[in-house]
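> See data-v2.txt below, with compact mmCIF, C-alpha atoms.
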# COMPACT_ATOMS: atom_id res chain seq x y z
CA MET A 1 131.75 120.20 100.49
CA PRO A 2 127.94 119.95 100.13
CA GLU A 3 125.98 122.95 101.34
CA HIS A 4 124.10 122.32 104.55
CA THR A 5 120.36 122.69 104.09
CA PRO A 6 118.11 122.86 107.13
CA GLU A 7 115.44 120.18 107.43
CA PHE A 8 113.21 122.62 109.28
CA SER A 9 113.53 126.36 109.48
CA GLY A 10 111.44 129.19 110.79
CA SER A 11 111.44 132.86 111.60
CA VAL A 12 110.24 134.52 114.77
CA ILE A 13 109.74 138.18 115.62
CA VAL A 14 109.47 139.18 119.27
CA LEU A 15 108.54 142.66 120.45
CA VAL A 16 108.91 143.63 124.09
CA GLY A 17 106.66 146.42 125.32
CA SER A 18 103.08 146.89 126.49
CA PHE A 19 100.38 145.04 124.60
CA ASN A 20 96.70 144.35 125.02
CA PRO A 21 96.38 140.63 124.20
CA ALA A 22 92.60 140.90 123.92
CA ILE A 23 92.96 142.98 120.74
CA PHE A 24 94.98 140.43 118.83
CA GLN A 25 92.29 137.97 117.88
CA PRO A 26 92.38 136.42 114.41
CA GLU A 27 89.39 138.43 113.24
CA TRP A 28 91.22 141.68 114.06
CA PHE A 29 93.96 140.74 111.56
CA ALA A 30 91.37 140.07 108.83
CA ARG A 31 89.47 143.28 109.58
CA ASN A 32 92.64 145.27 109.09
CA GLY A 33 93.52 143.49 105.85
CA LEU A 34 96.61 141.85 107.36
CA LEU A 35 95.53 138.23 106.90
CA PRO A 36 93.15 136.69 104.36
CA GLN A 37 89.66 136.06 105.77
CA GLY A 38 89.89 132.38 104.81
CA GLU A 39 93.07 131.94 106.83
CA VAL A 40 91.46 133.64 109.81
CA ASP A 41 88.30 131.53 109.53
CA SER A 42 90.36 128.36 109.82
CA ALA A 43 92.60 129.68 112.62
CA GLU A 44 93.03 127.42 115.61
CA LEU A 45 92.41 129.40 118.78
CA GLN A 46 94.41 128.01 121.65
CA VAL A 47 94.14 130.52 124.46
CA ILE A 48 92.16 133.75 124.62
CA HIS A 49 92.59 135.42 127.99
CA PRO A 50 92.97 139.06 129.10
CA HIS A 51 96.67 138.37 129.71
CA LEU A 52 97.40 135.94 126.91
CA CYS A 53 96.26 135.32 123.37
CA GLN A 54 97.62 132.36 121.42
CA PHE A 55 96.48 130.99 118.10
CA GLU A 56 97.73 129.46 114.87
CA THR A 57 96.75 130.18 111.31
CA GLU A 58 97.83 128.37 108.15
CA SER A 59 100.97 130.52 107.92
CA PHE A 60 101.71 131.86 111.40
CA THR A 61 101.69 131.20 115.11
CA PHE A 62 100.97 134.04 117.53
CA GLN A 63 101.52 134.40 121.23
CA ILE A 64 100.77 137.75 122.83
CA THR A 65 101.11 138.52 126.52
CA THR A 66 100.90 141.90 128.21
CA ASP A 67 104.61 142.52 127.69
CA ARG A 68 105.59 140.39 124.67
CA PHE A 69 104.29 140.04 121.16
CA THR A 70 105.60 136.93 119.42
CA ALA A 71 104.79 135.87 115.88
CA ALA A 72 106.41 132.96 114.07
CA THR A 73 106.20 131.48 110.61
CA LYS A 74 105.14 127.90 110.13
CA PRO A 75 108.08 125.58 109.35
CA ASN A 76 109.87 126.07 106.03
CA THR A 77 107.73 128.94 104.83
CA ILE A 78 109.26 132.12 103.46
CA ALA A 79 110.08 134.86 105.95
CA GLY A 80 108.89 137.90 103.99
CA PRO A 81 105.18 137.64 104.88
CA LEU A 82 106.04 137.68 108.61
CA GLN A 83 107.88 140.98 108.15
CA ASP A 84 104.88 142.39 106.24
CA LEU A 85 102.50 141.19 108.94
CA ILE A 86 104.40 142.86 111.78
CA LEU A 87 104.99 146.07 109.84
CA GLY A 88 101.27 146.18 108.99
CA THR A 89 100.13 145.33 112.52
CA PHE A 90 102.15 148.08 114.12
CA TYR A 91 101.35 150.55 111.38
CA VAL A 92 97.76 150.15 112.55
CA LEU A 93 98.76 150.22 116.24
CA GLU A 94 101.20 153.06 115.81
CA HIS A 95 101.16 154.19 119.45
CA THR A 96 102.16 150.85 120.99
CA PRO A 97 105.00 151.31 123.50
CA VAL A 98 107.86 149.05 122.41
CA GLN A 99 111.22 148.77 124.15
CA ALA A 100 113.00 145.99 122.29
CA MET A 101 112.76 143.68 119.33
CA GLY A 102 114.27 140.32 118.47
CA MET A 103 114.47 139.06 114.89
CA ASN A 104 115.08 135.36 115.12
CA ARG A 105 115.99 132.54 112.77
CA VAL A 106 115.53 128.96 113.94
CA LEU A 107 117.09 126.08 112.03
CA HIS A 108 117.20 122.31 112.47
CA PHE A 109 119.94 120.51 110.55
CA ALA A 110 120.33 116.75 110.20
CA MET A 111 123.83 115.44 110.96
CA GLU A 112 125.18 112.64 108.78
CA SER A 113 126.00 110.43 111.77
CA GLU A 114 125.98 110.33 115.53
CA GLU A 115 129.76 110.63 115.39
CA ALA A 116 129.53 113.90 113.43
CA TRP A 117 126.89 115.10 115.88
CA HIS A 118 129.19 114.43 118.86
CA ARG A 119 132.12 115.98 117.00
CA LEU A 120 130.22 119.25 116.66
CA GLY A 121 129.38 119.30 120.37
CA ASP A 122 132.93 118.35 121.34
CA LYS A 123 134.44 121.06 119.16
CA LEU A 124 132.09 123.73 120.47
CA ALA A 125 132.39 122.59 124.08
CA PRO A 126 135.54 120.47 124.62
CA LYS A 127 135.04 117.74 127.21
CA GLU A 128 138.60 117.54 128.56
CA PRO A 129 137.77 119.48 131.74
CA TRP A 130 134.80 117.19 132.39
CA ASN A 131 136.04 113.73 131.51
CA ASP A 132 138.10 113.34 134.68
CA ILE A 133 135.31 114.35 137.02
CA LEU A 134 132.13 113.17 135.27
CA LYS A 135 131.43 109.53 134.56
CA GLY A 136 129.87 108.37 131.29
CA ARG A 137 129.81 110.39 128.10
CA PRO A 138 129.41 114.14 128.84
CA GLY A 139 127.56 115.92 126.06
CA MET A 140 126.72 119.50 125.15
CA ARG A 141 123.06 120.30 125.78
CA ASN A 142 123.11 124.03 125.22
CA LEU A 143 125.54 126.71 124.16
CA ASP A 144 124.79 130.44 124.03
CA ILE A 145 127.23 132.83 122.44
CA LEU A 146 126.42 136.50 122.83
CA THR A 147 128.07 139.34 120.99
CA GLN A 148 127.32 142.94 121.91
CA ARG A 149 127.41 145.34 119.00
CA GLU A 150 128.58 148.91 119.27
CA SER A 151 125.92 150.15 116.92
CA PRO A 152 123.02 150.56 117.21
CA LYS A 153 123.37 151.02 120.96
CA GLY A 154 121.97 148.12 122.99
CA SER A 155 121.94 145.70 120.09
CA SER A 156 123.34 142.22 120.32
CA LEU A 157 123.39 138.89 118.56
CA THR A 158 122.94 135.63 120.42
CA VAL A 159 123.54 132.23 118.86
CA LYS A 160 122.08 129.23 120.63
CA VAL A 161 123.15 125.71 119.69
CA GLN A 162 121.36 122.64 121.04
CA PRO A 163 120.68 119.07 120.01
CA SER A 164 117.61 119.17 117.79
CA LEU A 165 114.40 117.92 119.35
CA LEU A 166 113.06 117.12 115.89
CA ILE A 167 115.88 115.31 114.15
CA GLN A 168 118.16 112.67 115.57
CA PRO A 169 121.02 113.09 115.18
CA GLY A 170 120.46 116.75 114.46
CA VAL A 171 121.42 120.17 115.63
CA TYR A 172 119.30 123.20 116.40
CA PHE A 173 120.50 126.75 115.83
CA GLU A 174 118.68 129.80 117.01
CA ILE A 175 120.00 133.21 116.08
CA ASN A 176 118.53 136.13 118.01
CA ASP A 177 119.23 139.52 116.50
CA HIS A 178 118.27 141.85 119.34
CA TYR A 179 117.66 145.60 119.25
CA ALA A 180 116.82 147.90 122.13
CA ALA A 181 114.76 151.00 121.53
CA SER A 182 115.80 154.29 122.99
CA GLY A 183 113.67 157.32 123.74
CA SER A 184 110.04 157.85 122.94
CA ALA A 185 110.18 156.71 119.29
CA GLY A 186 110.61 153.07 120.30
CA LEU A 187 108.12 151.49 117.92
CA LYS A 188 109.12 153.69 115.00
CA SER A 189 112.81 152.87 115.38
CA MET A 190 112.10 149.14 115.76
CA MET A 191 109.90 149.10 112.65
CA GLU A 192 112.58 150.95 110.73
CA ILE A 193 115.09 148.26 111.68
CA LEU A 194 112.61 145.52 110.80
CA ARG A 195 111.94 147.12 107.40
CA ASN A 196 115.62 147.56 106.56
CA GLN A 197 117.36 144.67 108.31
CA TRP A 198 114.99 141.72 108.24
CA GLU A 199 116.27 140.01 105.11
CA THR A 200 119.91 140.59 106.02
CA SER A 201 119.31 139.35 109.55
CA GLN A 202 117.63 136.15 108.34
CA LYS A 203 120.41 135.45 105.86
CA LYS A 204 123.05 136.16 108.50
CA GLY A 205 121.42 133.59 110.78
CA GLU A 206 121.75 130.89 108.14
CA GLU A 207 125.28 131.97 107.33
CA ILE A 208 126.32 131.62 110.98
CA ALA A 209 124.79 128.14 111.27
CA ARG A 210 126.41 126.95 108.03
CA HIS A 211 129.76 128.40 109.07
CA ILE A 212 129.69 126.44 112.35
CA LEU A 213 128.62 123.22 110.61
CA GLU A 214 131.39 123.54 108.02
CA TRP A 215 133.95 124.42 110.69
CA ALA A 216 132.95 121.37 112.74
CA ALA A 217 133.17 119.07 109.71
CA ALA A 218 136.60 120.32 108.64
CA MET B 1 107.37 116.30 122.12
CA SER B 2 104.21 114.68 120.81
CA ASN B 3 102.06 115.79 123.73
CA TRP B 4 102.48 119.51 123.32
CA ARG B 5 99.63 121.71 122.20
CA ILE B 6 101.33 123.42 119.24
CA SER B 7 101.89 121.36 116.09
CA PRO B 8 104.93 119.09 116.51
CA GLU B 9 107.21 120.71 113.95
CA LEU B 10 106.60 124.16 115.25
CA SER B 11 106.58 123.32 118.89
CA ALA B 12 110.16 122.12 118.72
CA GLY B 13 111.31 125.19 116.85
CA LEU B 14 109.12 127.67 118.64
CA LYS B 15 109.43 126.14 122.09
CA GLN B 16 113.17 125.98 121.71
CA SER B 17 113.07 129.55 120.43
CA LEU B 18 110.62 130.96 122.99
CA SER B 19 113.02 129.93 125.70
CA ASN B 20 115.59 132.38 124.44
CA THR B 21 114.27 135.15 122.27
CA THR B 22 114.85 138.63 123.58
CA VAL B 23 115.41 139.32 127.27
CA ASP B 24 114.17 135.96 128.48
CA GLN B 25 115.78 136.50 131.85
CA GLU B 26 113.60 139.54 132.43
CA ARG B 27 110.32 137.71 132.08
CA PRO B 28 108.04 138.11 135.10
CA ASP B 29 106.97 135.04 136.99
CA ASN B 30 103.33 135.43 135.98
CA GLU B 31 104.26 135.05 132.31
CA ARG B 32 106.26 131.96 133.11
CA GLU B 33 103.06 130.58 134.63
CA PHE B 34 101.18 131.40 131.44
CA LEU B 35 103.84 129.77 129.30
CA ALA B 36 103.69 126.70 131.52
CA TYR B 37 99.92 126.69 131.01
CA VAL B 38 100.24 127.03 127.25
CA THR B 39 102.73 124.21 126.91
CA ARG B 40 101.08 121.84 129.35
CA PRO B 41 100.42 118.30 128.12
CA ILE B 42 96.92 117.99 126.67
CA PRO B 43 94.76 115.06 125.60
CA LYS B 44 95.60 113.55 122.22
CA TYR B 45 92.26 114.37 120.62
CA THR B 46 92.96 118.12 120.64
CA ARG B 47 96.34 117.83 118.97
CA HIS B 48 96.80 119.94 115.88
CA LYS B 49 97.32 117.82 112.79
CA ILE B 50 100.62 117.98 110.95
CA ALA B 51 100.38 120.23 107.92
CA ALA B 52 102.16 119.69 104.61
CA ILE B 53 105.74 120.98 104.70
CA LEU B 54 106.99 123.18 101.89
CA ARG B 55 110.68 123.36 101.12
CA PRO B 56 111.19 126.53 99.07
CA ARG B 57 113.75 126.18 96.28
CA GLN B 58 113.51 129.57 94.66
CA LEU B 59 111.89 132.83 95.65
CA TRP B 60 111.02 135.83 93.53
CA GLU B 61 109.43 139.10 94.52
CA GLY B 62 107.08 140.48 91.90
CA THR B 63 105.31 143.75 91.18
CA VAL B 64 102.22 143.81 88.98
CA VAL B 65 102.83 145.95 85.91
CA GLU B 66 99.70 145.36 83.88
CA CYS B 67 96.39 143.56 84.36
CA GLN B 68 94.89 141.76 81.35
CA ASN B 69 91.80 139.67 80.85
CA GLY B 70 92.41 136.58 83.01
CA SER B 71 96.09 137.25 83.46
CA PHE B 72 98.58 139.85 84.64
CA VAL B 73 102.12 140.85 83.78
CA ALA B 74 104.64 141.34 86.58
CA ARG B 75 108.26 142.33 86.91
CA VAL B 76 109.98 139.73 89.10
CA ILE B 77 113.22 140.01 91.05
CA ASP B 78 115.07 136.82 91.90
CA ARG B 79 115.51 136.81 95.70
CA THR B 80 117.36 133.51 95.70
CA GLU B 81 119.95 134.62 93.14
CA PRO B 82 119.94 138.43 93.29
CA SER B 83 122.57 138.70 90.53
CA ASN B 84 119.96 137.47 88.02
CA THR B 85 118.35 140.21 86.01
CA ASP B 86 114.71 141.22 86.54
CA GLU B 87 112.22 139.57 84.21
CA LEU B 88 108.71 140.24 82.96
CA VAL B 89 106.46 137.25 83.54
CA THR B 90 102.81 136.67 82.64
CA PHE B 91 100.75 134.90 85.31
CA GLU B 92 97.30 133.40 84.87
CA LEU B 93 94.81 134.74 87.42
CA ASP B 94 93.94 131.11 88.18
CA GLU B 95 97.33 130.83 89.86
CA VAL B 96 96.20 133.33 92.50
CA SER B 97 94.07 132.29 95.47
CA PRO B 98 90.48 133.62 95.36
CA GLU B 99 91.16 135.89 98.36
CA ASP B 100 94.25 137.41 96.77
CA LYS B 101 92.55 138.10 93.41
CA LYS B 102 91.13 141.40 94.65
CA LEU B 103 94.70 142.51 95.44
CA VAL B 104 95.85 142.07 91.83
CA GLN B 105 96.29 145.58 90.46
CA PRO B 106 99.20 147.56 89.01
CA GLY B 107 101.78 148.27 91.71
CA ALA B 108 100.71 145.37 93.95
CA SER B 109 103.57 143.27 95.17
CA PHE B 110 103.74 139.49 95.75
CA TYR B 111 106.01 136.56 96.54
CA TRP B 112 106.39 133.76 94.03
CA THR B 113 107.82 130.58 95.49
CA ILE B 114 108.82 127.39 93.74
CA GLY B 115 109.46 124.44 95.96
CA VAL B 116 108.78 120.88 96.95
CA GLU B 117 105.93 120.06 99.29
CA ARG B 118 105.84 116.97 101.44
CA SER B 119 102.40 115.89 102.63
CA PRO B 120 101.88 114.36 106.10
CA ALA B 121 101.64 111.00 104.31
CA GLY B 122 105.06 111.52 102.73
CA GLN B 123 103.91 112.39 99.19
CA ILE B 124 106.27 114.78 97.42
CA GLN B 125 105.11 117.25 94.80
CA ASN B 126 106.60 120.25 93.04
CA ILE B 127 104.55 123.34 93.58
CA ASP B 128 104.65 127.02 92.84
CA ARG B 129 102.79 129.54 94.96
CA VAL B 130 101.86 133.15 94.35
CA MET B 131 101.16 135.05 97.55
CA PHE B 132 100.19 138.72 97.46
CA ARG B 133 101.67 140.99 100.11
CA ARG B 134 99.21 142.60 102.50
CA LEU B 135 100.70 145.95 103.24
CA PRO B 136 98.65 148.77 104.75
CA GLY B 137 97.95 151.78 102.57
CA TRP B 138 99.38 155.18 103.34
CA ARG B 139 97.71 157.01 106.20
CA ALA B 140 96.62 160.58 105.37
CA SER B 141 98.86 161.93 108.13
CA SER B 142 101.87 160.05 106.69
CA VAL B 143 101.20 161.55 103.26
CA ARG B 144 100.97 165.03 104.83
CA ASP B 145 104.27 164.44 106.72
CA ALA B 146 105.97 163.31 103.50
CA GLU B 147 104.65 166.34 101.63
CA ARG B 148 105.87 168.63 104.40
CA GLU B 149 109.32 167.02 104.32
CA ALA B 150 109.46 167.23 100.52
CA GLY B 151 108.48 170.90 100.77
CA SER B 152 111.32 171.59 103.22
CA ILE B 153 113.83 169.82 100.97
CA ALA B 154 112.58 171.72 97.91
CA GLU B 155 112.87 174.97 99.82
CA LEU B 156 116.45 174.13 100.75
CA LEU B 157 117.36 173.15 97.20
CA PHE B 158 115.74 176.02 95.36
CA SER B 159 116.30 178.90 97.75
CA GLU B 160 119.09 181.16 96.64
Since I need it in another form, could you write the structure as structure tokens?

Amino acid sequence: MPEHTPEFSGSVIVLVGSFNPAIFQPEWFARNGLLPQGEVDSAELQVIHPHLCQFETESFTFQITTDRFTAATKPNTIAGPLQDLILGTFYVLEHTPVQAMGMNRVLHFAMESEEAWHRLGDKLAPKEPWNDILKGRPGMRNLDILTQRESPKGSSLTVKVQPSLLIQPGVYFEINDHYAASGSAGLKSMMEILRNQWETSQKKGEEIARHILEWAAA
Amino acid sequence: MSNWRISPELSAGLKQSLSNTTVDQERPDNEREFLAYVTRPIPKYTRHKIAAILRPRQLWEGTVVECQNGSFVARVIDRTEPSNTDELVTFELDEVSPEDKKLVQPGASFYWTIGVERSPAGQIQNIDRVMFRRLPGWRASSVRDAEREAGSIAELLFSE
């Protein structure tokens, strides 16, 4: 069976806590040696507001609100630099209150046919209960599967499956590896997890998506 | 999707992902309003152009071992096939972007990617990219903490 390769993939890190969006302007990242000056000079500022900062550089997209810090890679770029960027950012801002972190992998796969695309949806969400009551061709629009882990406390993994908005027929997977911080050392514990688990988490995301695609094709 | 502010490839991935990542259900209403603002349809002339898309085929992580005149030697670890043994590779400095050149020194670490890049016009080309990691240096207080911890361990080990 050929290995499924995503057409588009990306990585996203989300921190939940208290942030000052006004700090996170592109120039701040260059000043602290976290992004090359050239990349910052060509950044596209989208929104700068006391409650929201959003911009794109050649390699990343940022969105910072007062309670969420989100940074994403551009499509199909390697995930390592995003980990470095977040570790570096919060090494500088070491006193930022952080309560939770999500390490996310997003993947868009092309399906070989519309039939295979429907088969995946039908296997994940069987339509028998719906066919008698709904007219037309019921289809799966969204499926979230959440698994709570015993350790570390408050951690969970959510897999989202949707039709891809980019590829038709295609399927979108989003794997959210969520960690909750406990106590006063929130940021430190989250950065420790990011340092040690990032690569494994990203690989696990792809493994889950491939497993579901292979299972559906079998 | 073509009317969204963020570049089309990313908007699909990021917009789909922003809807879910980490405690979405706890978002306050005011942030929802901001997100609605951010993703509102905008005139075509401000749309971000589609960048070239790289499809990485192989990834190595390298550490600079020695700097030479116009080149440097690095030990590289195969991240795509971790069972492969480490190798010593000589890179020309010309392969490094001008902004990363100042980071080239023994101990510096970098990513080396080989892949295929597709331009917005559909042109395909094989490329390799060396990208130096931008990691913050050690803070004096962190060094002091580490020294203190090492001292405590040494005391434990070497006390009667």
> Any idea what the distance is between CA of Phe19 (chain A) and CA of Gln54 (chain A)?
13.4 Å
> Please identify all polymer residues within 9 Å of Val64 (chain B), counting only C-alpha atoms, omitting same-chain residues fewer than 3 positions from it, and present them as a PyMOL selection string.
chain B and resi 67+72-76+104-110
> Can you work out which one of B:Ser71, B:Thr80, B:Gln125, B:Thr90 has the shortest atom-to-atom distance to chain A, counting only C-alpha atoms?
B:Thr80
> Please compute the CA of Leu134 (chain A)-CA of Val161 (chain A) distance, one decimal, in Å.
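Between CA of Leu134 (chain A) and CA of Val161 (chain A) the gap works out to 21.9 Å.
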> Could you tell me which residues of chain A sit within 7 Å of chain B when counting all atoms listed in the file, and give me the result as number ranges by chain?
A: 14, 33-34, 36, 74-77, 81, 84, 88, 101-102, 106, 165-166, 174, 176, 178
> Would you mind exporting C-alpha atoms of the selected residues as a PDB file, in the coordinates of the input?

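selection.pdb, freshly written:
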ATOM      1  CA  VAL A  14     109.470 139.180 119.270  1.00  0.00           C
ATOM      2  CA  GLY A  33      93.520 143.490 105.850  1.00  0.00           C
ATOM      3  CA  LEU A  34      96.610 141.850 107.360  1.00  0.00           C
ATOM      4  CA  PRO A  36      93.150 136.690 104.360  1.00  0.00           C
ATOM      5  CA  LYS A  74     105.140 127.900 110.130  1.00  0.00           C
ATOM      6  CA  PRO A  75     108.080 125.580 109.350  1.00  0.00           C
ATOM      7  CA  ASN A  76     109.870 126.070 106.030  1.00  0.00           C
ATOM      8  CA  THR A  77     107.730 128.940 104.830  1.00  0.00           C
ATOM      9  CA  PRO A  81     105.180 137.640 104.880  1.00  0.00           C
ATOM     10  CA  ASP A  84     104.880 142.390 106.240  1.00  0.00           C
ATOM     11  CA  GLY A  88     101.270 146.180 108.990  1.00  0.00           C
ATOM     12  CA  MET A 101     112.760 143.680 119.330  1.00  0.00           C
ATOM     13  CA  GLY A 102     114.270 140.320 118.470  1.00  0.00           C
ATOM     14  CA  VAL A 106     115.530 128.960 113.940  1.00  0.00           C
ATOM     15  CA  LEU A 165     114.400 117.920 119.350  1.00  0.00           C
ATOM     16  CA  LEU A 166     113.060 117.120 115.890  1.00  0.00           C
ATOM     17  CA  GLU A 174     118.680 129.800 117.010  1.00  0.00           C
ATOM     18  CA  ASN A 176     118.530 136.130 118.010  1.00  0.00           C
ATOM     19  CA  HIS A 178     118.270 141.850 119.340  1.00  0.00           C
TER      20      HIS A 178
END
> Kindly compute an axis-aligned box around the listed atoms of region 71-83 of chain A, allowing 4 Å on each side, and express its centre and edge lengths in Å to one decimal as JSON.

{"center_x": 107.4, "center_y": 133.3, "center_z": 109.7, "size_x": 13.3, "size_y": 23.4, "size_z": 20.4}
> How far is it from CA of Ala154 (chain B) to CA of Glu192 (chain A), in Å with one decimal?
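Distance between the two atoms: 24.4 Å.
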> Residues near Gly17 (chain A), anyone? I mean within 9 Å using all atoms listed in the file, not counting same-chain ones fewer than 4 positions away, as JSON, numbers by chain.
{"A": [66, 67, 68, 69, 96, 97, 98, 99, 100, 101]}
> Limited to C-alpha atoms, could you put the picked residues into a file as a PDB file, in the coordinates of the input?

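Resulting contents of selection_30.pdb:
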ATOM      1  CA  THR A  66     100.900 141.900 128.210  1.00  0.00           C
ATOM      2  CA  ASP A  67     104.610 142.520 127.690  1.00  0.00           C
ATOM      3  CA  ARG A  68     105.590 140.390 124.670  1.00  0.00           C
ATOM      4  CA  PHE A  69     104.290 140.040 121.160  1.00  0.00           C
ATOM      5  CA  THR A  96     102.160 150.850 120.990  1.00  0.00           C
ATOM      6  CA  PRO A  97     105.000 151.310 123.500  1.00  0.00           C
ATOM      7  CA  VAL A  98     107.860 149.050 122.410  1.00  0.00           C
ATOM      8  CA  GLN A  99     111.220 148.770 124.150  1.00  0.00           C
ATOM      9  CA  ALA A 100     113.000 145.990 122.290  1.00  0.00           C
ATOM     10  CA  MET A 101     112.760 143.680 119.330  1.00  0.00           C
TER      11      MET A 101
END
> Between A:Arg105, A:Arg31, A:Arg137, A:His4, which one has atoms that come closest to Thr200 (chain A), using all atoms listed in the file?
A:Arg105
> If we count only C-alpha atoms and set the cut-off at 9 Å, which residues sit around Ala72 (chain A), ignoring sequence neighbours fewer than 5 positions away in its own chain? Please answer as an MDAnalysis selection string.
(chainID A and resid 10:14 59:63 82) or (chainID B and resid 10 14)
> Restricting the calculation to all atoms listed in the file, which member of A:Thr57, A:Phe24, A:Thr73, A:Asp177 is positioned closest to Gly38 (chain A)?
A:Thr57
> What's around Gly139 (chain A) at 8 Å? Count all atoms listed in the file, leave out sequence neighbours fewer than 6 positions away in its own chain, and write the answer as number ranges by chain.
A: 118, 121-122, 127
> With all atoms listed in the file as the atoms that count, which of A:Asp41, A:Glu207, A:Glu199, A:Glu115 lies nearest to Pro169 (chain A)?
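So, comparing all the options, the nearest one is A:Glu115.
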> Which residues are near Ile48 (chain A)? Cut-off 9 Å, all atoms listed in the file, ignore same chain within fewer than 5 positions. Put them as a list of chain:residue names.
A:Pro21, A:Ala22, A:Gln25, A:Cys53, A:Gln54, A:Phe55
> Which residue, A:Phe90, A:Thr65, A:Ile193, A:Val40, has the smallest gap to Ser155 (chain A) when you use only C-alpha atoms?
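Ranked by minimum distance to Ser155 (chain A), first place goes to A:Ile193.
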> Please complete region 154-159 of chain B so it has all heavy atoms, and hand it over as a short mmCIF file (atom, residue, chain, number, x, y, z; two decimals), keeping the file's coordinate frame.

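Ended up saving to out39.cif:
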data_model
loop_
_atom_site.label_atom_id
_atom_site.label_comp_id
_atom_site.auth_asym_id
_atom_site.auth_seq_id
_atom_site.Cartn_x
_atom_site.Cartn_y
_atom_site.Cartn_z
N ALA B 154 112.66 170.88 99.11
CA ALA B 154 112.58 171.72 97.91
C ALA B 154 112.98 173.16 98.23
O ALA B 154 113.70 173.81 97.47
CB ALA B 154 111.16 171.69 97.35
N GLU B 155 112.54 173.60 99.40
CA GLU B 155 112.87 174.97 99.82
C GLU B 155 114.39 175.13 99.96
O GLU B 155 114.99 176.11 99.52
CB GLU B 155 112.19 175.25 101.15
CG GLU B 155 111.86 176.71 101.38
CD GLU B 155 110.99 176.86 102.62
OE1 GLU B 155 109.83 176.39 102.57
OE2 GLU B 155 111.49 177.38 103.60
N LEU B 156 115.00 174.11 100.56
CA LEU B 156 116.45 174.13 100.75
C LEU B 156 117.19 174.15 99.41
O LEU B 156 118.16 174.88 99.20
CB LEU B 156 116.88 172.88 101.51
CG LEU B 156 117.18 173.04 102.99
CD1 LEU B 156 117.44 171.68 103.61
CD2 LEU B 156 118.41 173.94 103.18
N LEU B 157 116.69 173.31 98.49
CA LEU B 157 117.36 173.15 97.20
C LEU B 157 117.21 174.37 96.31
O LEU B 157 118.14 174.76 95.60
CB LEU B 157 116.80 171.92 96.46
CG LEU B 157 117.22 170.56 97.01
CD1 LEU B 157 116.46 169.46 96.27
CD2 LEU B 157 118.73 170.36 96.80
N PHE B 158 116.01 174.96 96.33
CA PHE B 158 115.74 176.02 95.36
C PHE B 158 115.82 177.43 95.93
O PHE B 158 115.61 178.40 95.22
CB PHE B 158 114.37 175.77 94.70
CG PHE B 158 114.33 174.44 93.99
CD1 PHE B 158 113.49 173.42 94.44
CD2 PHE B 158 115.17 174.19 92.92
CE1 PHE B 158 113.48 172.18 93.80
CE2 PHE B 158 115.15 172.96 92.28
CZ PHE B 158 114.31 171.95 92.73
N SER B 159 116.11 177.54 97.22
CA SER B 159 116.30 178.90 97.75
C SER B 159 117.68 179.36 97.28
O SER B 159 118.56 178.54 97.01
CB SER B 159 116.22 178.89 99.27
OG SER B 159 117.27 178.12 99.79
#
